[in-house]
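For reference, query-v4.cif is printed below; it contains mmCIF, C-alpha atoms.
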data_upload
#
loop_
_atom_site.label_atom_id
_atom_site.label_comp_id
_atom_site.auth_asym_id
_atom_site.auth_seq_id
_atom_site.Cartn_x
_atom_site.Cartn_y
_atom_site.Cartn_z
CA MET A 27 5.75 21.60 -43.11
CA LYS A 28 5.75 25.05 -44.75
CA LYS A 29 4.88 26.70 -41.43
CA LEU A 30 8.08 25.39 -39.80
CA ALA A 31 11.27 27.47 -39.90
CA LEU A 32 13.92 26.18 -42.32
CA HIS A 33 16.26 24.82 -39.63
CA TRP A 34 13.39 22.85 -38.04
CA GLN A 35 12.47 21.41 -41.43
CA ILE A 36 16.08 20.35 -41.98
CA LEU A 37 16.32 18.85 -38.48
CA LEU A 38 13.06 16.95 -39.01
CA GLY A 39 14.37 15.62 -42.32
CA MET A 40 17.57 14.41 -40.61
CA VAL A 41 15.70 12.62 -37.79
CA LEU A 42 13.20 11.00 -40.15
CA GLY A 43 16.04 9.91 -42.45
CA VAL A 44 17.83 8.12 -39.59
CA LEU A 45 14.62 6.47 -38.31
CA PHE A 46 13.58 5.43 -41.81
CA ALA A 47 16.97 3.82 -42.46
CA PHE A 48 17.05 1.99 -39.11
CA LEU A 49 13.60 0.60 -39.89
CA LEU A 50 14.44 -0.56 -43.41
CA ILE A 51 17.84 -2.15 -42.64
CA GLN A 52 16.05 -4.63 -40.40
CA PHE A 53 14.98 -6.31 -43.65
CA SER A 54 17.42 -8.04 -46.00
CA TRP A 55 16.29 -5.88 -48.93
CA GLY A 56 16.21 -2.61 -46.96
CA LYS A 57 19.79 -1.47 -47.62
CA ASP A 58 19.42 -2.01 -51.39
CA ILE A 59 16.21 0.06 -51.44
CA ILE A 60 17.94 2.97 -49.66
CA VAL A 61 21.11 2.83 -51.80
CA ASP A 62 19.26 2.45 -55.12
CA TRP A 63 16.17 4.62 -54.57
CA ILE A 64 16.86 7.08 -51.71
CA LYS A 65 20.59 7.92 -51.86
CA PRO A 66 20.44 9.37 -55.42
CA PHE A 67 18.14 12.18 -54.21
CA GLY A 68 20.73 13.12 -51.56
CA ASN A 69 23.44 13.16 -54.24
CA ILE A 70 21.25 15.32 -56.50
CA PHE A 71 20.77 17.83 -53.65
CA ILE A 72 24.53 18.06 -53.02
CA ASN A 73 25.18 18.38 -56.77
CA LEU A 74 22.69 21.27 -56.96
CA LEU A 75 24.58 23.11 -54.22
CA LYS A 76 27.96 22.37 -55.82
CA LEU A 77 26.55 23.48 -59.16
CA ILE A 78 26.31 27.09 -58.00
CA ALA A 79 29.48 27.15 -55.84
CA VAL A 80 31.82 28.53 -58.53
CA PRO A 81 29.28 31.01 -60.01
CA LEU A 82 28.49 32.20 -56.47
CA ILE A 83 32.14 32.81 -55.61
CA LEU A 84 32.80 34.60 -58.91
CA ALA A 85 29.70 36.80 -58.62
CA SER A 86 29.90 37.53 -54.90
CA LEU A 87 33.65 38.19 -54.73
CA ILE A 88 33.76 40.38 -57.84
CA LYS A 89 30.76 42.31 -56.51
CA GLY A 90 32.24 42.45 -53.00
CA VAL A 91 35.68 43.67 -54.11
CA SER A 92 34.32 46.18 -56.63
CA ASP A 93 31.88 47.55 -54.02
CA LEU A 94 34.84 48.57 -51.87
CA LYS A 95 35.78 51.24 -54.44
CA ASP A 96 39.08 51.70 -52.60
CA ILE A 97 42.12 49.39 -52.68
CA SER A 98 43.08 50.42 -49.12
CA LYS A 99 39.76 49.00 -47.86
CA LEU A 100 40.50 45.71 -49.60
CA SER A 101 43.94 45.50 -47.98
CA LYS A 102 42.52 46.33 -44.56
CA MET A 103 39.70 43.79 -44.74
CA GLY A 104 41.86 41.09 -46.35
CA GLY A 105 44.59 41.34 -43.70
CA ARG A 106 42.11 41.08 -40.83
CA THR A 107 40.23 38.21 -42.47
CA ILE A 108 43.26 36.01 -43.14
CA GLY A 109 44.85 36.90 -39.77
CA LEU A 110 41.72 35.86 -37.87
CA TYR A 111 41.34 32.64 -39.86
CA ILE A 112 44.95 31.61 -39.14
CA LEU A 113 44.59 32.52 -35.44
CA THR A 114 41.44 30.43 -34.99
CA THR A 115 43.08 27.50 -36.81
CA VAL A 116 46.07 27.55 -34.42
CA PHE A 117 43.59 27.66 -31.51
CA ALA A 118 41.74 24.66 -32.95
CA VAL A 119 44.85 22.49 -33.40
CA SER A 120 46.06 23.39 -29.90
CA ILE A 121 42.69 22.46 -28.36
CA GLY A 122 42.77 19.16 -30.25
CA LEU A 123 46.23 18.29 -28.93
CA VAL A 124 45.33 19.16 -25.32
CA VAL A 125 42.13 17.09 -25.38
CA VAL A 126 43.68 14.03 -27.04
CA ASN A 127 46.62 14.03 -24.61
CA LEU A 128 44.27 14.22 -21.62
CA ILE A 129 41.81 11.53 -22.73
CA LYS A 130 44.32 9.24 -24.49
CA PRO A 131 41.74 7.46 -26.70
CA GLY A 132 44.43 5.33 -28.36
CA SER A 133 44.91 3.36 -25.16
CA TYR A 134 41.38 1.93 -25.55
CA ILE A 135 42.17 0.21 -28.87
CA THR A 136 42.87 -3.50 -28.46
CA GLU A 137 45.22 -5.44 -30.73
CA SER A 138 42.39 -7.57 -32.15
CA THR A 139 40.27 -4.51 -32.97
CA ARG A 140 43.23 -2.78 -34.59
CA THR A 141 43.95 -5.83 -36.76
CA GLU A 142 40.30 -6.02 -37.84
CA LEU A 143 40.15 -2.33 -38.77
CA VAL A 144 43.42 -2.37 -40.70
CA GLY A 145 42.21 -5.46 -42.59
CA ASN A 146 38.88 -3.85 -43.46
CA TYR A 147 40.15 -0.42 -44.46
CA ALA A 148 43.70 -0.99 -45.69
CA SER A 149 42.74 -0.52 -49.37
CA ASP A 150 40.98 2.79 -48.60
CA ALA A 151 43.98 3.96 -46.58
CA ASN A 152 46.35 3.07 -49.41
CA SER A 153 44.32 5.09 -51.90
CA LYS A 154 44.46 8.16 -49.62
CA ILE A 155 48.21 7.70 -49.11
CA ALA A 156 48.72 7.51 -52.88
CA ALA A 157 46.56 10.61 -53.42
CA ALA A 158 48.72 12.58 -51.00
CA GLU A 159 52.10 11.53 -52.44
CA ASN A 160 52.17 14.34 -55.01
CA GLN A 161 51.43 16.96 -52.33
CA LYS A 162 54.13 15.58 -50.03
CA GLU A 163 56.76 15.75 -52.79
CA ALA A 164 55.87 19.32 -53.78
CA GLY A 165 58.31 22.17 -53.19
CA PRO A 166 57.93 24.75 -50.38
CA LEU A 167 56.30 27.32 -52.68
CA GLN A 168 54.04 24.86 -54.52
CA ALA A 169 50.97 26.00 -52.56
CA LEU A 170 51.63 29.61 -53.63
CA GLU A 171 52.18 28.55 -57.24
CA ASP A 172 48.93 26.56 -57.27
CA ILE A 173 46.88 29.64 -56.32
CA VAL A 174 47.49 31.28 -59.72
CA PRO A 175 45.59 29.45 -62.50
CA SER A 176 46.96 29.13 -66.01
CA ASN A 177 43.42 28.85 -67.37
CA ILE A 178 40.44 30.29 -65.49
CA VAL A 179 37.92 28.21 -67.47
CA LYS A 180 39.76 25.02 -66.49
CA ALA A 181 40.04 26.18 -62.87
CA ALA A 182 36.33 26.98 -62.71
CA SER A 183 35.47 23.50 -64.04
CA ASP A 184 36.56 21.85 -60.76
CA ASN A 185 35.23 22.81 -57.31
CA GLY A 186 38.55 21.65 -55.86
CA ASN A 187 40.23 24.71 -57.44
CA MET A 188 38.39 27.27 -55.30
CA LEU A 189 41.58 29.15 -54.39
CA GLN A 190 42.31 29.71 -58.08
CA VAL A 191 38.77 30.93 -58.69
CA ILE A 192 39.03 33.25 -55.67
CA PHE A 193 42.37 34.61 -56.98
CA PHE A 194 40.81 35.40 -60.36
CA ALA A 195 37.69 36.97 -58.78
CA VAL A 196 39.74 39.23 -56.47
CA PHE A 197 42.12 40.16 -59.33
CA PHE A 198 39.14 40.94 -61.58
CA GLY A 199 37.46 42.99 -58.84
CA ILE A 200 40.62 45.04 -58.22
CA ALA A 201 40.98 45.75 -61.96
CA LEU A 202 37.32 46.80 -62.03
CA ILE A 203 38.05 49.39 -59.31
CA LEU A 204 41.06 50.76 -61.18
CA ILE A 205 39.45 51.41 -64.57
CA PRO A 206 37.40 54.59 -65.25
CA GLN A 207 33.95 54.51 -63.66
CA GLU A 208 32.01 54.97 -66.91
CA GLN A 209 33.66 51.81 -68.31
CA ALA A 210 33.34 49.85 -65.07
CA THR A 211 29.63 50.63 -64.49
CA PRO A 212 28.10 48.23 -67.09
CA VAL A 213 30.45 45.40 -66.05
CA LYS A 214 29.62 45.94 -62.40
CA ALA A 215 25.90 46.07 -63.16
CA PHE A 216 26.19 42.70 -64.91
CA PHE A 217 27.86 41.03 -61.90
CA ASP A 218 25.40 42.66 -59.48
CA GLY A 219 22.54 41.17 -61.49
CA PHE A 220 24.37 37.85 -61.86
CA ASN A 221 24.78 37.71 -58.09
CA GLU A 222 21.04 38.29 -57.57
CA VAL A 223 20.20 35.45 -59.97
CA ILE A 224 22.52 33.06 -58.10
CA LEU A 225 20.95 34.04 -54.75
CA LYS A 226 17.48 33.34 -56.18
CA MET A 227 18.70 29.92 -57.35
CA ILE A 228 19.80 29.28 -53.76
CA ASP A 229 16.30 30.09 -52.51
CA ILE A 230 14.82 27.59 -54.97
CA ILE A 231 17.33 24.85 -54.10
CA MET A 232 16.74 25.32 -50.36
CA LEU A 233 13.08 24.37 -50.82
CA ALA A 234 14.40 20.82 -51.32
CA ALA A 235 16.81 20.89 -48.34
CA PRO A 236 14.65 18.85 -45.90
CA PHE A 237 14.21 16.09 -48.49
CA GLY A 238 17.88 16.20 -49.48
CA VAL A 239 19.14 15.74 -45.91
CA PHE A 240 16.55 12.97 -45.37
CA ALA A 241 18.14 11.03 -48.24
CA LEU A 242 21.71 11.81 -47.12
CA LEU A 243 21.20 10.65 -43.54
CA ALA A 244 19.26 7.54 -44.57
CA SER A 245 22.08 6.44 -46.90
CA LEU A 246 24.73 7.16 -44.25
CA VAL A 247 23.00 4.89 -41.73
CA ALA A 248 22.45 2.14 -44.31
CA GLU A 249 26.11 2.11 -45.42
CA SER A 250 27.75 2.38 -41.98
CA PRO A 251 30.09 -0.43 -40.85
CA SER A 252 29.19 -2.73 -37.97
CA LEU A 253 28.39 -1.31 -34.53
CA ASP A 254 31.33 -3.20 -33.00
CA LEU A 255 33.74 -0.97 -34.91
CA PHE A 256 31.96 2.17 -33.68
CA LYS A 257 32.20 0.94 -30.08
CA ALA A 258 35.93 0.26 -30.43
CA LEU A 259 36.51 3.81 -31.69
CA GLY A 260 33.99 5.48 -29.38
CA MET A 261 36.60 7.21 -27.23
CA TYR A 262 38.35 8.60 -30.28
CA GLY A 263 35.06 9.97 -31.62
CA LEU A 264 34.19 11.40 -28.21
CA THR A 265 37.59 13.12 -28.04
CA VAL A 266 37.08 14.78 -31.42
CA ILE A 267 33.55 15.89 -30.49
CA ILE A 268 34.71 17.37 -27.15
CA GLY A 269 37.42 19.31 -28.97
CA LEU A 270 34.95 20.57 -31.58
CA ALA A 271 32.48 21.61 -28.84
CA LEU A 272 35.24 23.59 -27.12
CA MET A 273 36.01 25.27 -30.46
CA ILE A 274 32.36 26.32 -30.80
CA GLY A 275 32.78 27.87 -27.34
CA VAL A 276 35.78 29.83 -28.64
CA TYR A 277 33.66 31.21 -31.50
CA ILE A 278 30.89 32.23 -29.10
CA LEU A 279 33.48 34.03 -26.95
CA ILE A 280 34.94 35.78 -30.02
CA VAL A 281 31.49 36.91 -31.17
CA LYS A 282 30.58 38.16 -27.67
CA VAL A 283 33.86 39.97 -26.95
CA LEU A 284 34.82 41.27 -30.40
CA GLY A 285 31.46 41.27 -32.20
CA LYS A 286 29.42 42.50 -29.21
CA LYS A 287 26.60 40.02 -29.96
CA SER A 288 24.97 37.48 -27.63
CA PRO A 289 25.62 33.71 -28.02
CA SER A 290 21.90 33.00 -28.54
CA PHE A 291 21.69 35.60 -31.35
CA PHE A 292 24.71 34.06 -33.09
CA LEU A 293 23.67 30.40 -32.74
CA LYS A 294 20.05 31.03 -33.73
CA GLY A 295 21.13 32.98 -36.80
CA ILE A 296 23.62 30.41 -38.09
CA SER A 297 21.84 27.17 -37.08
CA PRO A 298 20.31 26.31 -40.53
CA ALA A 299 23.78 26.56 -42.11
CA GLN A 300 25.22 24.40 -39.29
CA LEU A 301 22.61 21.71 -39.88
CA LEU A 302 23.19 21.76 -43.63
CA ALA A 303 26.97 21.56 -43.09
CA PHE A 304 26.37 18.57 -40.80
CA SER A 305 24.26 16.89 -43.50
CA THR A 306 26.52 17.56 -46.51
CA SER A 307 30.01 17.46 -44.91
CA SER A 308 30.96 20.24 -47.32
CA SER A 309 31.53 23.86 -46.36
CA ALA A 310 31.65 24.72 -50.08
CA ALA A 311 28.22 23.19 -50.65
CA THR A 312 26.93 25.01 -47.55
CA LEU A 313 28.43 28.37 -48.60
CA PRO A 314 25.25 29.69 -50.29
CA VAL A 315 23.20 29.14 -47.12
CA THR A 316 25.98 30.47 -44.87
CA MET A 317 26.06 33.71 -46.86
CA GLU A 318 22.29 34.08 -46.72
CA ARG A 319 22.12 33.53 -42.93
CA VAL A 320 25.09 35.78 -42.14
CA VAL A 321 23.68 38.69 -44.16
CA ASP A 322 19.97 38.33 -43.37
CA ASN A 323 20.10 37.06 -39.77
CA LEU A 324 23.46 38.06 -38.26
CA GLY A 325 23.54 41.60 -39.62
CA VAL A 326 26.79 41.36 -41.59
CA ASP A 327 26.93 43.77 -44.51
CA ASP A 328 26.74 42.04 -47.90
CA GLU A 329 30.01 43.74 -48.93
CA VAL A 330 31.85 42.03 -46.06
CA ALA A 331 30.09 38.64 -46.35
CA SER A 332 30.79 38.47 -50.11
CA PHE A 333 34.49 38.89 -49.41
CA VAL A 334 35.06 37.01 -46.11
CA LEU A 335 32.88 33.90 -46.48
CA PRO A 336 34.11 32.55 -49.86
CA ILE A 337 37.69 32.88 -48.60
CA GLY A 338 36.70 31.19 -45.32
CA ALA A 339 35.06 28.26 -47.12
CA THR A 340 38.44 27.57 -48.74
CA ILE A 341 41.14 28.40 -46.17
CA ASN A 342 39.32 28.26 -42.81
CA MET A 343 39.15 24.59 -41.81
CA ASP A 344 39.30 24.81 -38.02
CA GLY A 345 37.28 21.65 -37.47
CA THR A 346 39.42 19.77 -39.99
CA SER A 347 42.71 20.90 -38.43
CA LEU A 348 41.48 20.01 -34.92
CA TYR A 349 40.49 16.55 -36.18
CA GLN A 350 43.89 16.10 -37.85
CA ALA A 351 45.67 16.84 -34.57
CA VAL A 352 43.48 14.42 -32.59
CA ALA A 353 43.69 11.71 -35.27
CA ALA A 354 47.49 11.93 -35.55
CA VAL A 355 48.04 11.58 -31.80
CA PHE A 356 45.34 8.90 -31.54
CA ILE A 357 47.05 6.78 -34.22
CA ALA A 358 50.40 7.27 -32.47
CA GLN A 359 48.85 6.16 -29.16
CA ALA A 360 47.29 3.12 -30.84
CA PHE A 361 50.74 2.11 -32.11
CA GLY A 362 52.25 2.70 -28.67
CA MET A 363 54.28 5.75 -29.75
CA ASP A 364 55.12 8.68 -27.46
CA LEU A 365 55.16 12.03 -29.26
CA SER A 366 57.54 14.68 -27.95
CA LEU A 367 56.51 18.32 -27.44
CA GLY A 368 58.56 19.30 -30.48
CA VAL A 369 56.74 16.80 -32.69
CA GLN A 370 53.37 18.02 -31.42
CA LEU A 371 54.34 21.63 -32.11
CA GLY A 372 55.20 20.48 -35.62
CA ILE A 373 51.69 19.01 -35.86
CA ILE A 374 50.27 22.46 -35.06
CA ALA A 375 52.20 24.07 -37.92
CA THR A 376 51.55 21.28 -40.42
CA ALA A 377 47.86 20.90 -39.61
CA THR A 378 47.37 24.68 -39.92
CA LEU A 379 48.97 24.78 -43.36
CA ALA A 380 47.28 21.54 -44.45
CA SER A 381 43.85 22.86 -43.45
CA ILE A 382 44.39 25.94 -45.62
CA GLY A 383 45.09 23.70 -48.61
CA SER A 384 42.17 21.34 -47.90
CA ALA A 385 39.35 21.29 -50.43
CA ALA A 386 35.98 22.23 -48.93
CA VAL A 387 34.42 18.89 -49.86
CA PRO A 388 33.61 15.68 -47.95
CA GLY A 389 36.64 13.57 -47.01
CA ALA A 390 39.33 16.06 -48.14
CA GLY A 391 40.76 16.16 -44.60
CA MET A 392 41.72 12.51 -44.94
CA VAL A 393 44.18 13.22 -47.75
CA MET A 394 45.73 16.13 -45.86
CA LEU A 395 46.02 14.00 -42.71
CA VAL A 396 48.58 11.80 -44.48
CA ILE A 397 50.91 14.82 -44.71
CA VAL A 398 50.44 15.54 -40.98
CA LEU A 399 51.21 11.90 -40.12
CA ALA A 400 54.32 11.88 -42.30
CA GLN A 401 55.64 15.09 -40.73
CA ALA A 402 55.23 13.61 -37.24
CA GLY A 403 56.79 10.26 -38.18
CA ILE A 404 53.57 8.33 -37.46
CA PRO A 405 52.90 5.18 -39.55
CA GLU A 406 50.57 6.17 -42.40
CA ALA A 407 48.95 2.71 -42.39
CA GLY A 408 47.35 3.80 -39.10
CA LEU A 409 45.00 5.92 -41.20
CA ALA A 410 42.95 2.75 -41.60
CA LEU A 411 42.15 2.87 -37.88
CA ILE A 412 39.89 5.89 -38.21
CA PHE A 413 38.02 5.12 -41.43
CA ALA A 414 35.15 3.45 -39.59
CA ILE A 415 33.82 6.66 -38.06
CA ASP A 416 35.35 9.29 -40.29
CA ARG A 417 32.11 10.17 -42.06
CA PRO A 418 30.06 11.16 -38.96
CA LEU A 419 33.07 13.07 -37.58
CA ASP A 420 33.50 14.75 -40.97
CA MET A 421 29.92 15.99 -40.57
CA CYS A 422 30.73 17.41 -37.11
CA ARG A 423 33.96 19.14 -38.13
CA THR A 424 32.32 20.70 -41.20
CA THR A 425 29.75 22.22 -38.83
CA VAL A 426 32.62 23.82 -36.89
CA ASN A 427 34.24 25.08 -40.12
CA VAL A 428 31.03 26.86 -41.14
CA THR A 429 30.50 28.28 -37.63
CA GLY A 430 34.03 29.68 -37.71
CA ASP A 431 33.41 31.34 -41.09
CA ALA A 432 30.32 33.06 -39.68
CA ALA A 433 32.06 34.19 -36.47
CA VAL A 434 35.02 35.69 -38.33
CA SER A 435 32.71 37.48 -40.79
CA MET A 436 30.92 39.14 -37.84
CA VAL A 437 34.18 40.24 -36.22
CA VAL A 438 35.57 41.62 -39.50
CA ALA A 439 32.28 43.42 -40.18
CA LYS A 440 32.36 44.93 -36.68
CA SER A 441 35.95 46.11 -37.18
CA VAL A 442 34.98 48.06 -40.32
CA ASP A 443 31.61 49.31 -38.97
CA LYS A 444 29.59 47.03 -41.26
CA LEU A 445 27.74 44.98 -38.60
CA ALA A 446 24.11 45.88 -37.96
#
I'd like the structure from this file rewritten - as structure tokens, please.
Amino acid sequence: MKKLALHWQILLGMVLGVLFAFLLIQFSWGKDIIVDWIKPFGNIFINLLKLIAVPLILASLIKGVSDLKDISKLSKMGGRTIGLYILTTVFAVSIGLVVVNLIKPGSYITESTRTELVGNYASDANSKIAAAENQKEAGPLQALEDIVPSNIVKAASDNGNMLQVIFFAVFFGIALILIPQEQATPVKAFFDGFNEVILKMIDIIMLAAPFGVFALLASLVAESPSLDLFKALGMYGLTVIIGLALMIGVYILIVKVLGKKSPSFFLKGISPAQLLAFSTSSSAATLPVTMERVVDNLGVDDEVASFVLPIGATINMDGTSLYQAVAAVFIAQAFGMDLSLGVQLGIIATATLASIGSAAVPGAGMVMLVIVLAQAGIPEAGLALIFAIDRPLDMCRTTVNVTGDAAVSMVVAKSVDKLA
């Protein structure tokens, strides 16, 4: 096992996890064994990755910003980073709308299947609708207000507050640049060392990655709903996957044209992070591995990666926004609604903004989807239609999110002559 490359170890763990679960669920006691004795190890692995998410962002961003030594560099890199992330998100939503309108997956849903799904998942849908009510009622500048924390310790206690942590880290890094060098040097040395410790923790945690994804995939298979529901929603799932595959193609094109690197170089370098993103459904949990692969294998300077990737893990949700566009139109089609061009353009704007506010954790896109549905006038109860296969699609769209982060980091690095 030790002789295999990390991504092959992770892939082997995923395959064995699926096979193991399919074998055990043939027995009446199999599901209980997986849920009680296998799933906890998957949860422990995810918790270990989440454990270092906030310390990693604090250490890497403060180090990254303070390494710039020049506020003009920060402005230049920040503008390009956010501009590229917004551009790729608009691309993603547009691709999603084109694909879903061509395939029309909603037309494959029968009345009986729809009734069964709504009955099975209505309570889950209601909880997501309730969770989104506060965000829907917020004022137009609420998102801006939420970025600035009133208490950094409180903000750092919750991985859902990554934007607040990023704000503090960037603010701290800027202040570190502006004070006299003799006073800044010991503080900077502390965060440089802190960053190295966190990176070593990542190395240790990744030794358990193959076993962690084995447990995660086994529990996913054991807890999946009946195959009949998957068949009924097959076209919807296929539509999302086609859209996500096209988005990967966009990233490859961006890397080739703007980053001047070959597709094989890019995909080989980022593949372990993609597989981990697929397993965990969390770009925040995958961030440590993404940073390691981008710096060590894609040639992005640590200064750029430390700045671009933590921001990307929070605001760059291309896969999530594409899924929101497809899901909204799919639900409308299932209810027999025709969406005008104006409404679909509104979906582009809403899904883009919603993806920026999405937490980088499993299932967060579901809450934000309620806002997209409300904006388009689509019945929110239709959210229950897509619960059956949301988890595997969440895994796929997280893979796209992480790929987008890596592609943008390469382009930004190239633009500032920091790409090897």
Residue contacts of Ser441 in chain A (10 Å, all atoms listed in the file) excluding same-chain residues fewer than 3 positions away, as a PyMOL selection string: chain A and resi 102-103+106+284-285+435-438+444-445
Protein/DNA/RNA residues near (22.2, 7.0, -49.2), cut 6 Å, all atoms listed in the file, as an MDAnalysis selection string: chainID A and resid 60:61 64:65 241:242 244:246
Protein/DNA/RNA residues near (57.2, 13.2, -34.8), cut 12 Å, all atoms listed in the file, as an MDAnalysis selection string: chainID A and resid 354:355 358 363:374 376 397:405
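Atom to atom, CA of Val191 in chain A and CA of Gly325 in chain A stand 26.6 Å apart.
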Å distance separating CA of Ala201 in chain A from CA of Asp184 in chain A, one decimal place: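 CA of Asp184 in chain A lies at a distance of 24.3 Å from CA of Ala201 in chain A.
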Selected residue of minimal separation from Leu264 in chain A among A:Val396, A:Val352, A:Ala31, A:Ala79, counting only C-alpha atoms: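 Ranking A:Val396, A:Val352, A:Ala31, A:Ala79 by distance to Leu264 in chain A, first place goes to A:Val352.
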